[in-house]
>>> print(open('target_24.txt').read())   # compact mmCIF, C-alpha atoms
# COMPACT_ATOMS: atom_id res chain seq x y z
CA MET A 47 12.26 61.13 10.68
CA ARG A 48 9.12 61.98 12.54
CA GLN A 49 7.09 60.14 9.91
CA LEU A 50 9.31 57.11 10.31
CA ILE A 51 8.76 57.12 14.07
CA ASN A 52 5.02 57.56 13.53
CA ALA A 53 4.94 54.63 11.16
CA LEU A 54 6.93 52.57 13.65
CA LEU A 55 4.50 53.49 16.39
CA LYS A 56 1.54 52.68 14.19
CA TYR A 57 2.84 49.22 13.43
CA LYS A 58 4.47 48.58 16.79
CA ASN A 59 2.15 45.65 17.57
CA THR A 60 2.86 43.94 14.29
CA LEU A 61 6.57 44.55 14.66
CA LEU A 62 6.54 43.30 18.22
CA TYR A 63 4.58 40.27 17.15
CA SER A 64 6.99 39.45 14.34
CA GLY A 65 9.96 39.85 16.65
CA LEU A 66 8.49 37.62 19.31
CA LEU A 67 7.41 35.10 16.66
CA ILE A 68 10.97 34.85 15.44
CA ILE A 69 12.12 34.33 19.01
CA SER A 70 9.58 31.59 19.56
CA LEU A 71 10.49 29.91 16.29
CA THR A 72 14.11 29.94 17.41
CA PHE A 73 12.97 28.48 20.70
CA LEU A 74 11.08 25.79 18.83
CA TYR A 75 14.11 25.08 16.68
CA GLN A 76 16.35 24.82 19.71
CA ARG A 77 14.10 22.58 21.74
CA SER A 78 12.66 20.05 19.36
CA PHE A 79 14.80 17.76 17.25
CA PHE A 80 11.80 16.97 15.07
CA HIS A 81 11.14 20.60 14.22
CA GLN A 82 14.84 21.19 13.76
CA SER A 83 15.01 18.44 11.19
CA ILE A 84 11.97 19.80 9.37
CA PHE A 85 13.40 23.31 9.30
CA SER A 86 16.75 22.17 8.02
CA ASN A 87 15.04 19.90 5.53
CA THR A 88 13.01 22.81 4.15
CA ALA A 89 16.10 24.96 4.02
CA LEU A 90 17.88 22.19 2.17
CA ILE A 91 15.05 21.81 -0.34
CA ILE A 92 15.00 25.56 -1.04
CA SER A 93 18.74 25.93 -1.35
CA SER A 94 19.12 22.78 -3.42
CA SER A 95 16.42 23.83 -5.87
CA PHE A 96 18.21 27.15 -6.35
CA LYS A 97 21.49 25.35 -6.79
CA LEU A 98 19.91 22.97 -9.27
CA VAL A 99 18.85 25.85 -11.51
CA GLY A 100 22.33 27.30 -11.40
CA GLU A 101 23.86 23.91 -11.95
CA ASN A 102 21.69 23.27 -15.00
CA VAL A 103 22.65 26.59 -16.57
CA PHE A 104 26.29 25.97 -15.85
CA LYS A 105 26.09 22.44 -17.23
CA TYR A 106 24.59 23.67 -20.44
CA MET A 107 27.34 26.23 -20.86
CA SER A 108 30.04 23.62 -20.45
CA LEU A 109 28.58 20.92 -22.68
CA ASN A 110 31.34 21.22 -25.25
CA LYS A 111 34.05 20.75 -22.69
CA ARG A 112 32.26 17.77 -21.25
CA ASN A 113 31.86 16.12 -24.62
CA GLU A 114 35.53 16.44 -25.23
CA LYS A 115 36.29 14.96 -21.84
CA LEU A 116 33.94 12.03 -22.40
CA LEU A 117 35.46 11.36 -25.77
CA ASN A 118 38.93 11.19 -24.27
CA GLU A 119 37.68 8.88 -21.57
CA ASN A 120 36.01 6.64 -24.14
CA ILE A 121 39.24 6.39 -26.11
CA LYS A 122 41.06 5.28 -22.99
CA LEU A 123 38.38 2.75 -22.07
CA LYS A 124 38.30 1.36 -25.56
CA ALA A 125 42.02 0.77 -25.43
CA LEU A 126 41.65 -1.02 -22.10
CA GLU A 127 38.83 -3.13 -23.46
CA LEU A 128 40.93 -4.19 -26.43
CA ILE A 129 43.86 -5.07 -24.23
CA HIS A 130 41.54 -7.06 -22.03
CA PHE A 131 40.15 -9.03 -24.95
CA THR A 132 43.51 -9.77 -26.46
CA LYS A 133 44.74 -10.95 -23.10
CA GLN A 134 41.76 -13.19 -22.68
CA LEU A 135 42.22 -15.03 -25.94
CA PRO A 136 45.11 -17.24 -24.83
CA GLU A 137 43.17 -18.55 -21.92
CA ASN A 138 45.85 -19.44 -19.44
CA LYS A 139 47.89 -16.31 -19.62
CA VAL A 140 48.82 -14.90 -16.24
CA ILE A 141 50.45 -11.92 -14.76
CA ASP A 142 53.96 -13.07 -14.02
CA THR A 143 54.40 -11.70 -10.53
CA PHE A 144 51.26 -13.40 -9.29
CA ASP A 145 51.78 -16.72 -7.54
CA PHE A 146 48.51 -18.11 -8.77
CA GLN A 147 47.53 -19.06 -12.27
CA VAL A 148 43.90 -18.31 -13.14
CA PHE A 149 41.59 -20.44 -15.28
CA GLY A 150 38.08 -19.39 -16.17
CA ALA A 151 35.29 -21.95 -16.07
CA ARG A 152 31.56 -22.23 -16.21
CA ILE A 153 29.36 -23.94 -13.63
CA ILE A 154 27.28 -26.73 -15.11
CA LYS A 155 25.77 -28.03 -11.92
CA ASN A 156 25.34 -26.38 -8.56
CA SER A 157 23.62 -27.46 -5.39
CA TYR A 158 23.13 -25.59 -2.16
CA ASN A 159 20.33 -27.32 -0.32
CA ASN A 160 22.18 -30.39 0.93
CA ALA A 161 24.41 -30.70 3.91
CA ARG A 162 27.32 -31.52 1.61
CA ASN A 163 27.15 -29.52 -1.58
CA TYR A 164 29.16 -30.01 -4.75
CA LEU A 165 29.52 -28.07 -7.98
CA MET A 166 30.61 -29.19 -11.39
CA ILE A 167 32.58 -27.02 -13.80
CA ASP A 168 33.28 -27.52 -17.48
CA LYS A 169 37.10 -27.73 -17.29
CA GLY A 170 39.14 -30.85 -16.63
CA TYR A 171 42.74 -31.99 -16.59
CA GLN A 172 42.99 -31.36 -20.31
CA ASP A 173 42.64 -27.70 -19.48
CA GLY A 174 45.21 -27.85 -16.70
CA ILE A 175 42.91 -28.30 -13.72
CA GLU A 176 44.27 -30.42 -10.89
CA VAL A 177 42.91 -31.73 -7.64
CA GLU A 178 43.04 -29.36 -4.66
CA MET A 179 42.93 -26.10 -6.52
CA GLY A 180 40.93 -23.22 -5.08
CA VAL A 181 37.85 -21.96 -6.87
CA ILE A 182 36.64 -18.40 -6.51
CA SER A 183 33.90 -16.33 -8.05
CA SER A 184 33.80 -12.65 -8.91
CA ASP A 185 33.02 -11.67 -5.33
CA GLY A 186 34.13 -14.44 -3.02
CA VAL A 187 35.38 -17.93 -2.37
CA LEU A 188 33.48 -20.83 -3.89
CA GLY A 189 35.23 -24.08 -3.04
CA ILE A 190 38.04 -26.54 -3.73
CA ILE A 191 38.49 -28.98 -6.64
CA ASN A 192 38.23 -32.55 -5.44
CA GLN A 193 37.90 -34.69 -8.56
CA VAL A 194 39.06 -34.13 -12.11
CA THR A 195 38.11 -35.89 -15.32
CA ALA A 196 39.30 -35.08 -18.83
CA ASN A 197 36.80 -32.30 -19.43
CA PHE A 198 35.01 -31.76 -16.13
CA SER A 199 35.85 -31.21 -12.50
CA SER A 200 33.91 -31.52 -9.32
CA VAL A 201 34.24 -28.83 -6.70
CA ILE A 202 33.49 -29.15 -2.99
CA SER A 203 31.48 -26.07 -2.26
CA ILE A 204 32.31 -24.10 0.86
CA LEU A 205 28.68 -24.84 1.67
CA ASN A 206 29.81 -28.29 2.74
CA ARG A 207 30.06 -29.40 6.31
CA ASP A 208 33.37 -31.15 5.72
CA VAL A 209 35.24 -28.14 4.40
CA LYS A 210 37.17 -25.78 6.59
CA ILE A 211 38.87 -22.73 5.15
CA ASN A 212 41.47 -20.57 6.74
CA ALA A 213 40.02 -17.06 7.02
CA GLY A 214 40.77 -13.96 9.01
CA PHE A 215 39.91 -10.37 9.70
CA LYS A 216 40.90 -7.84 7.11
CA LYS A 217 41.57 -5.16 9.71
CA ASN A 218 44.05 -6.94 11.95
CA GLY A 219 44.76 -10.35 10.48
CA ALA A 220 43.29 -12.32 13.36
CA TYR A 221 42.45 -15.67 11.86
CA GLY A 222 40.23 -18.66 12.43
CA SER A 223 38.66 -21.44 10.42
CA LEU A 224 35.52 -20.97 8.41
CA SER A 225 32.92 -23.69 8.19
CA TRP A 226 29.33 -24.13 7.21
CA LYS A 227 26.71 -25.39 9.64
CA GLY A 228 24.31 -26.46 6.94
CA ASN A 229 21.30 -24.23 7.44
CA HIS A 230 21.49 -21.03 5.41
CA PRO A 231 23.38 -20.57 2.10
CA LYS A 232 24.59 -17.11 3.11
CA ARG A 233 25.67 -17.78 6.69
CA MET A 234 28.90 -19.38 7.86
CA LYS A 235 30.69 -19.86 11.14
CA LEU A 236 34.12 -18.54 11.97
CA ASP A 237 35.68 -20.58 14.77
CA ASP A 238 38.93 -20.45 16.68
CA VAL A 239 39.25 -16.67 16.81
CA SER A 240 40.87 -15.82 20.10
CA THR A 241 39.01 -13.46 22.41
CA LEU A 242 42.20 -11.43 22.64
CA ASN A 243 41.14 -9.84 19.36
CA HIS A 244 38.59 -7.10 19.13
CA VAL A 245 35.57 -8.03 16.99
CA MET A 246 32.88 -5.67 15.72
CA LEU A 247 29.71 -6.27 13.74
CA GLY A 248 30.30 -5.72 10.04
CA ASP A 249 34.04 -6.47 10.10
CA THR A 250 35.22 -7.79 6.75
CA ILE A 251 36.45 -11.38 6.62
CA VAL A 252 39.00 -12.32 3.96
CA THR A 253 40.86 -15.51 3.11
CA GLY A 254 43.75 -16.03 5.44
CA GLY A 255 46.49 -17.09 3.06
CA MET A 256 47.59 -19.92 5.30
CA SER A 257 45.98 -22.49 3.05
CA ASP A 258 47.57 -23.50 -0.22
CA TYR A 259 44.33 -23.04 -2.09
CA PHE A 260 43.68 -19.32 -1.93
CA PRO A 261 45.84 -16.24 -1.95
CA HIS A 262 45.56 -13.89 0.97
CA GLY A 263 42.88 -11.22 0.96
CA ILE A 264 39.95 -12.49 -1.11
CA PRO A 265 36.87 -10.96 0.55
CA ILE A 266 34.48 -13.58 1.89
CA GLY A 267 31.90 -11.84 4.02
CA LYS A 268 31.28 -9.70 7.05
CA VAL A 269 30.55 -10.35 10.70
CA PHE A 270 26.82 -10.86 11.11
CA SER A 271 26.69 -11.62 14.80
CA PHE A 272 29.13 -12.75 17.44
CA GLU A 273 29.18 -13.99 21.00
CA LYS A 274 31.93 -13.81 23.53
CA PRO A 275 31.74 -16.86 25.76
CA GLU A 276 32.54 -16.38 29.44
CA ILE A 277 34.88 -19.30 29.94
CA GLU A 278 36.34 -20.32 26.61
CA GLY A 279 38.94 -18.21 24.93
CA TYR A 280 37.38 -18.27 21.47
CA TYR A 281 34.66 -16.21 19.85
CA ASP A 282 31.51 -17.65 18.36
CA ILE A 283 31.17 -15.63 15.15
CA GLU A 284 28.56 -15.84 12.42
CA ILE A 285 29.49 -14.52 8.99
CA GLU A 286 27.27 -13.29 6.22
CA LEU A 287 28.79 -14.08 2.82
CA PHE A 288 29.19 -11.33 0.25
CA SER A 289 28.47 -13.60 -2.67
CA ASN A 290 25.25 -15.43 -3.25
CA LEU A 291 26.45 -18.92 -4.06
CA THR A 292 23.06 -19.90 -5.39
CA GLN A 293 23.29 -17.74 -8.49
CA LYS A 294 26.82 -18.07 -9.82
CA LYS A 295 27.61 -18.80 -13.43
CA ILE A 296 31.29 -18.06 -14.04
CA VAL A 297 34.07 -19.16 -11.69
CA TYR A 298 37.84 -18.85 -11.65
CA VAL A 299 40.11 -21.72 -10.71
CA LEU A 300 43.34 -20.80 -9.00
CA LYS A 301 46.49 -22.84 -9.43
CA ASN A 302 49.15 -22.25 -6.83
CA LYS A 303 52.35 -22.21 -8.84
CA LYS A 304 54.48 -22.72 -5.76
CA LYS A 305 52.48 -25.50 -4.26
CA PHE A 306 55.08 -28.10 -5.02
CA GLU A 307 57.70 -26.05 -3.22
CA LEU A 308 55.39 -25.60 -0.25
CA ASN A 309 54.59 -29.27 0.01
CA GLN A 310 58.28 -30.14 -0.14
CA LEU A 311 58.95 -27.81 2.73
CA LYS A 312 56.07 -29.23 4.73
CA ASN A 313 57.27 -32.78 4.20
CA GLU A 314 60.79 -31.90 5.20
CA SER A 315 59.76 -30.20 8.39
CA ARG A 316 57.72 -33.16 9.50
CA MET B 116 -0.53 49.46 39.78
CA ASN B 117 -4.27 49.57 39.77
CA ARG B 118 -6.70 46.86 40.61
CA ASP B 119 -7.06 45.58 37.04
CA ASN B 120 -3.35 45.00 36.70
CA LEU B 121 -3.24 43.10 39.97
CA ILE B 122 -6.11 40.91 38.85
CA SER B 123 -4.34 40.26 35.56
CA ILE B 124 -1.14 39.19 37.29
CA PHE B 125 -3.18 36.99 39.61
CA HIS B 126 -4.94 35.37 36.64
CA PHE B 127 -1.66 34.90 34.87
CA ILE B 128 0.00 33.02 37.71
CA ILE B 129 -3.03 30.96 38.71
CA LEU B 130 -3.84 29.89 35.15
CA LEU B 131 -0.21 29.12 34.37
CA PHE B 132 0.17 26.76 37.31
CA LEU B 133 -3.28 25.27 36.94
CA GLN B 134 -2.57 24.52 33.30
CA SER B 135 0.92 23.12 33.68
CA PHE B 136 0.42 21.01 36.77
CA LEU B 137 -3.18 19.93 36.56
CA LEU B 138 -4.85 20.36 33.20
CA ASN B 139 -1.98 19.12 31.07
CA ASN B 140 -2.12 15.78 32.85
CA ILE B 141 -5.77 15.02 32.30
CA ASN B 142 -5.38 13.03 29.07
CA PHE B 143 -9.11 12.63 28.69
CA PHE B 144 -9.74 9.90 26.06
CA GLY B 145 -5.99 9.62 25.85
CA PHE B 146 -5.30 12.91 24.11
CA ILE B 147 -7.60 15.70 25.31
CA ASN B 148 -6.01 18.28 27.58
CA PRO B 149 -8.19 21.37 27.79
CA ASN B 150 -6.19 24.58 27.56
CA LEU B 151 -7.85 26.74 30.17
CA TYR B 152 -4.96 29.22 30.22
CA LEU B 153 -6.45 30.78 27.12
CA LEU B 154 -8.91 32.35 29.56
CA PHE B 155 -6.23 34.87 30.48
CA ILE B 156 -6.15 36.28 26.98
CA ILE B 157 -9.92 36.05 26.58
CA VAL B 158 -10.79 37.99 29.73
CA TYR B 159 -8.02 40.54 29.38
CA ARG B 160 -9.67 43.98 29.26
CA LEU B 161 -11.12 44.43 25.82
CA ASN B 162 -9.82 47.97 25.56
CA GLY B 163 -6.54 47.14 27.29
CA ASN B 164 -3.10 47.78 25.86
CA ALA B 165 -2.58 45.37 22.96
CA THR B 166 1.20 45.68 23.06
CA ILE B 167 1.35 44.58 26.67
CA LEU B 168 -1.03 41.71 25.90
CA ILE B 169 1.27 40.47 23.14
CA ILE B 170 4.22 40.45 25.53
CA LEU B 171 2.15 38.79 28.23
CA GLY B 172 0.87 36.19 25.80
CA PHE B 173 4.38 35.41 24.72
CA LEU B 174 5.52 35.07 28.32
CA LEU B 175 2.55 32.88 29.21
CA GLY B 176 3.20 30.48 26.36
CA LEU B 177 6.93 30.45 26.97
CA MET B 178 6.56 29.67 30.66
CA LEU B 179 4.01 27.00 29.91
CA ASP B 180 6.36 25.39 27.42
CA LEU B 181 9.22 25.54 29.88
CA LEU B 182 7.12 24.10 32.69
CA THR B 183 5.66 21.28 30.64
CA GLN B 184 8.76 20.47 28.55
CA GLY B 185 6.78 21.45 25.48
CA SER B 186 8.48 22.00 22.17
CA GLY B 187 7.31 25.58 21.69
CA GLY B 188 3.81 25.15 20.34
CA HIS B 189 2.16 26.99 23.23
CA THR B 190 4.49 29.95 22.76
CA ILE B 191 3.68 30.43 19.11
CA ALA B 192 -0.04 29.75 19.46
CA THR B 193 -0.52 32.02 22.47
CA LEU B 194 1.61 34.80 21.01
CA THR B 195 -0.34 34.70 17.76
CA ILE B 196 -3.72 34.63 19.43
CA ALA B 197 -2.70 37.58 21.61
CA PHE B 198 -1.76 39.46 18.47
CA LEU B 199 -4.92 38.46 16.60
CA ARG B 200 -7.22 39.25 19.51
CA GLN B 201 -7.84 42.85 18.50
CA PHE B 202 -8.96 41.76 15.04
CA ILE B 203 -11.15 39.01 16.42
CA ILE B 204 -12.77 41.48 18.81
CA LYS B 205 -13.50 43.84 15.96
CA PHE B 206 -14.88 40.99 13.88
CA SER B 207 -17.10 39.56 16.63
CA PHE B 208 -18.40 42.68 18.36
CA GLY B 209 -18.53 44.98 15.36
CA VAL B 210 -16.09 47.49 13.98
CA ASN B 211 -17.19 50.28 16.27
CA PHE B 212 -16.71 48.39 19.47
CA GLU B 213 -15.08 50.95 21.67
CA VAL B 214 -17.03 50.51 24.89
CA PRO B 215 -14.52 50.55 27.77
CA LEU B 216 -15.79 47.49 29.55
CA GLY B 217 -13.59 45.26 31.66
CA MET B 218 -15.51 42.11 30.93
CA ILE B 219 -17.41 40.73 28.01
CA GLU B 220 -20.75 41.30 29.70
CA GLY B 221 -23.17 43.67 28.14
CA SER B 222 -22.89 42.29 24.64
CA LEU B 223 -25.11 39.87 22.80
CA LEU B 224 -24.77 36.19 23.61
CA SER B 225 -24.14 35.34 19.93
CA GLN B 226 -21.32 37.89 19.76
CA ARG B 227 -19.75 36.52 22.90
CA LEU B 228 -19.98 32.94 21.64
CA LEU B 229 -18.47 33.92 18.31
CA TYR B 230 -15.59 35.62 20.10
CA LEU B 231 -14.94 32.63 22.34
CA ILE B 232 -15.16 30.07 19.57
CA LEU B 233 -12.93 32.02 17.22
CA MET B 234 -10.30 32.55 19.89
CA ILE B 235 -10.31 28.93 20.97
CA LEU B 236 -10.40 27.37 17.51
CA ILE B 237 -7.63 29.53 16.06
CA HIS B 238 -5.45 28.98 19.10
CA HIS B 239 -5.88 25.21 19.07
CA LEU B 240 -5.41 24.94 15.35
CA LEU B 241 -2.13 26.82 15.57
CA LEU B 242 -1.05 24.85 18.60
CA PHE B 243 -1.54 21.47 16.95
CA ILE B 244 -0.14 22.60 13.62
CA VAL B 245 3.08 23.60 15.35
CA ILE B 246 3.17 20.46 17.47
CA TYR B 247 2.67 18.03 14.57
CA PHE B 248 4.16 20.24 11.87
CA SER B 249 3.66 17.89 8.95
CA LEU B 250 1.11 17.48 6.19
CA ASP B 251 0.81 13.77 6.84
CA ASN B 252 -0.84 14.47 10.15
CA THR B 253 -3.55 16.80 8.86
CA LEU B 254 -6.30 14.52 10.09
CA THR B 255 -4.76 14.18 13.52
CA ILE B 256 -4.37 17.94 13.73
CA LEU B 257 -8.00 18.55 12.81
CA LYS B 258 -9.27 15.87 15.15
CA ASN B 259 -7.22 17.13 18.08
CA THR B 260 -8.21 20.72 17.36
CA LEU B 261 -11.88 19.89 17.27
CA PHE B 262 -12.10 17.75 20.38
CA THR B 263 -9.73 19.74 22.53
CA SER B 264 -11.41 22.98 21.48
CA PHE B 265 -14.73 21.56 22.53
CA PHE B 266 -13.56 20.71 26.02
CA THR B 267 -11.64 23.93 26.37
CA PHE B 268 -14.76 25.80 25.36
CA ILE B 269 -16.85 24.07 28.03
CA LEU B 270 -14.24 24.75 30.72
CA ILE B 271 -13.83 28.38 29.71
CA TYR B 272 -17.55 28.94 29.54
CA ILE B 273 -18.00 27.53 33.04
CA SER B 274 -15.09 29.61 34.34
CA LEU B 275 -16.54 32.76 32.79
CA GLY B 276 -19.74 32.09 34.73
CA LEU B 277 -17.71 31.73 37.92
CA PHE B 278 -15.95 35.03 37.32
CA LYS B 279 -19.24 36.72 36.74
CA GLU B 280 -20.70 35.53 40.03
CA LYS B 281 -17.63 36.67 41.91
CA ASN B 282 -17.82 40.13 40.43
CA ASP B 283 -21.49 40.60 41.21
>>> encode(input="target_24.txt", output="structure tokens")
Amino acid sequence: MRQLINALLKYKNTLLYSGLLIISLTFLYQRSFFHQSIFSNTALIISSSFKLVGENVFKYMSLNKRNEKLLNENIKLKALELIHFTKQLPENKVIDTFDFQVFGARIIKNSYNNARNYLMIDKGYQDGIEVEMGVISSDGVLGIINQVTANFSSVISILNRDVKINAGFKKNGAYGSLSWKGNHPKRMKLDDVSTLNHVMLGDTIVTGGMSDYFPHGIPIGKVFSFEKPEIEGYYDIEIELFSNLTQKKIVYVLKNKKKFELNQLKNESR
Amino acid sequence: MNRDNLISIFHFIILLFLQSFLLNNINFFGFINPNLYLLFIIVYRLNGNATILIILGFLLGLMLDLLTQGSGGHTIATLTIAFLRQFIIKFSFGVNFEVPLGMIEGSLLSQRLLYLILMILIHHLLLFIVIYFSLDNTLTILKNTLFTSFFTFILIYISLGLFKEKND
């Protein structure tokens, strides 16, 4: 015991120094966000490298199990793939509950640098395409069919100053009309959204479902910037499109199976 | 409470306020603020109690950091230099330096200079390492250490001369 005390006394300066150093490091950690981030970063690196070693060992031990799991997954995926292919073969097959019939088509001409842009696709009325069908791509809206020949159709791109599409907010359904101002192939304008609605940057814009061309809920883009005018009751919103319309190859044409019914109703209520 | 202790307390307070309210706002060439407060640890009695010096050094740095909204660099640097002082003294003035002198007078000029330069350089190096705390800023750390040490050295050397005259 006496020796212990002697040793403590001998090294009291070093001990005191270490203690105070720890206190000042704590002080540093508390006061400076920069140092805090570096300390926690170092701690993270150390702990993660330890974890990585453990993880690697553990992984190696469980390779057999994993292989089995992957095999099962592959079997499932293969089945899905086969189903998908067999479904694709008859081209116009649709899921029955869906109001829209889907046709696949390939773009043969695309323009995006004019004020009024058109596309051409390689399907015509022989394939069941009609005028005023909506055209979408894998990640957004593309346009509306406006002319049909036997084997080809022309599509008004949404990058056309004459087209207006009904679109709305995914979060609350507030809607407006989407149009292109003709300057940038990824930017569009959303007009007629009432200032009663709350708008945030990055809000997702989807098709509104009030047009006959598109079903509700196809993602179009997100809010890029917006202005709230002082007097008028409508927002001035700029949208950034999700899809890059300048590099599309495959499109899907949507046929509204109940369009006839809808038109009848519209005509009657006039 | 003898006279030495009173002088130490006086030094402590004067240097602390001088440093935090005057010298830290000099910004000579945009980044040079001489750290005169190191004088307190340098002129502390060479044979004085090392434990008390460590505590005092810690307090000095801590107060300076609190007064100047520093991040904690002064605390660590001053604490460390207070701890290292005994080794630096032994290194500069020889292993058998046991002469109970209050000041550094009575030793060779080269020994005194070595002592001063070591104290100042180590302190500044630590200070800037803690302040920048990243390998990317190695050059900045070295540059700051060198220039600030130089100006601190000049100030401390002048102040040592002043102390000497007073004591005579």
>>> interface_residues(input="target_24.txt", of="chain A", to="chain B", cutoff="7 Å", atoms="all atoms listed in the file", output="list in words")
Asn59, Tyr63, Leu67, Ser70, Phe73, Leu74, Arg77 and Ser78 of chain A
>>> residues_near_point(input="target_24.txt", point="(-4.8, 21.1, 28.7)", cutoff="10 Å", atoms="only C-alpha atoms", output="PyMOL selection string")
chain B and resi 133-143+146-153+263-264+266-267
>>> atom_distance(input="target_24.txt", atom1="CA of Asn229 in chain A", atom2="CA of Glu273 in chain A")
18.7 Å
>>> residues_around(input="target_24.txt", residues="Gly263 in chain A", least_positions_apart="5", cutoff="8 Å", atoms="only C-alpha atoms", output="PyMOL selection string")
chain A and resi 216+252-255
>>> atom_distance(input="target_24.txt", atom1="CA of Leu233 in chain B", atom2="CA of Phe202 in chain B")
10.7 Å
>>> atom_distance(input="target_24.txt", atom1="CA of Lys169 in chain A", atom2="CA of Leu188 in chain A")
15.5 Å
>>> residues_around(input="target_24.txt", residues="Val269 in chain A", least_positions_apart="4", cutoff="9 Å", atoms="all atoms listed in the file", output="PyMOL selection string")
chain A and resi 245-251+283-287
>>> closest_residue(input="target_24.txt", among="A:Ser225, A:Gln82, A:Ser257, A:Ser64", to="Gly180 in chain A", atoms="all atoms listed in the file")
A:Ser257
>>> residues_around(input="target_24.txt", residues="Ile256 in chain B", least_positions_apart="3", cutoff="10 Å", atoms="all atoms listed in the file", output="PyMOL selection string")
chain B and resi 239-253+259-261
>>> write_last_selection(input="target_24.txt", atoms="C-alpha atoms", output="CSV table (one decimal), keeping the file's coordinate frame")
chain,number,residue,atom,x,y,z
B,239,HIS,CA,-5.9,25.2,19.1
B,240,LEU,CA,-5.4,24.9,15.4
B,241,LEU,CA,-2.1,26.8,15.6
B,242,LEU,CA,-1.0,24.8,18.6
B,243,PHE,CA,-1.5,21.5,17.0
B,244,ILE,CA,-0.1,22.6,13.6
B,245,VAL,CA,3.1,23.6,15.4
B,246,ILE,CA,3.2,20.5,17.5
B,247,TYR,CA,2.7,18.0,14.6
B,248,PHE,CA,4.2,20.2,11.9
B,249,SER,CA,3.7,17.9,9.0
B,250,LEU,CA,1.1,17.5,6.2
B,251,ASP,CA,0.8,13.8,6.8
B,252,ASN,CA,-0.8,14.5,10.2
B,253,THR,CA,-3.6,16.8,8.9
B,259,ASN,CA,-7.2,17.1,18.1
B,260,THR,CA,-8.2,20.7,17.4
B,261,LEU,CA,-11.9,19.9,17.3
>>> decode(input="target_24.txt", residues="range 167-181 of chain B", atoms="N, CA and C atoms", output="compact mmCIF listing (two decimals), in the first residue's frame")
# COMPACT_ATOMS: atom_id res chain seq x y z
N ILE B 167 1.92 22.54 -9.07
CA ILE B 167 1.13 23.77 -9.07
C ILE B 167 1.20 24.44 -10.43
N LEU B 168 2.38 24.38 -11.08
CA LEU B 168 2.51 25.01 -12.39
C LEU B 168 1.57 24.36 -13.40
N ILE B 169 1.45 23.02 -13.32
CA ILE B 169 0.55 22.34 -14.26
C ILE B 169 -0.87 22.84 -14.07
N ILE B 170 -1.30 22.93 -12.80
CA ILE B 170 -2.66 23.42 -12.54
C ILE B 170 -2.81 24.85 -13.02
N LEU B 171 -1.80 25.67 -12.73
CA LEU B 171 -1.88 27.07 -13.14
C LEU B 171 -1.90 27.19 -14.67
N GLY B 172 -1.08 26.37 -15.34
CA GLY B 172 -1.07 26.41 -16.79
C GLY B 172 -2.42 26.04 -17.36
N PHE B 173 -3.00 25.01 -16.77
CA PHE B 173 -4.34 24.60 -17.22
C PHE B 173 -5.34 25.73 -17.05
N LEU B 174 -5.30 26.36 -15.87
CA LEU B 174 -6.25 27.45 -15.59
C LEU B 174 -6.03 28.62 -16.55
N LEU B 175 -4.75 28.93 -16.79
CA LEU B 175 -4.44 30.05 -17.68
C LEU B 175 -5.02 29.81 -19.08
N GLY B 176 -4.74 28.62 -19.60
CA GLY B 176 -5.25 28.30 -20.94
C GLY B 176 -6.76 28.29 -20.98
N LEU B 177 -7.35 27.69 -19.94
CA LEU B 177 -8.81 27.59 -19.90
C LEU B 177 -9.46 28.96 -19.87
N MET B 178 -8.92 29.84 -19.02
CA MET B 178 -9.50 31.19 -18.93
C MET B 178 -9.32 31.93 -20.24
N LEU B 179 -8.15 31.74 -20.84
CA LEU B 179 -7.90 32.42 -22.11
C LEU B 179 -8.90 31.94 -23.16
N ASP B 180 -9.13 30.63 -23.20
CA ASP B 180 -10.09 30.11 -24.16
C ASP B 180 -11.48 30.63 -23.89
N LEU B 181 -11.82 30.72 -22.60
CA LEU B 181 -13.17 31.21 -22.28
C LEU B 181 -13.30 32.68 -22.64
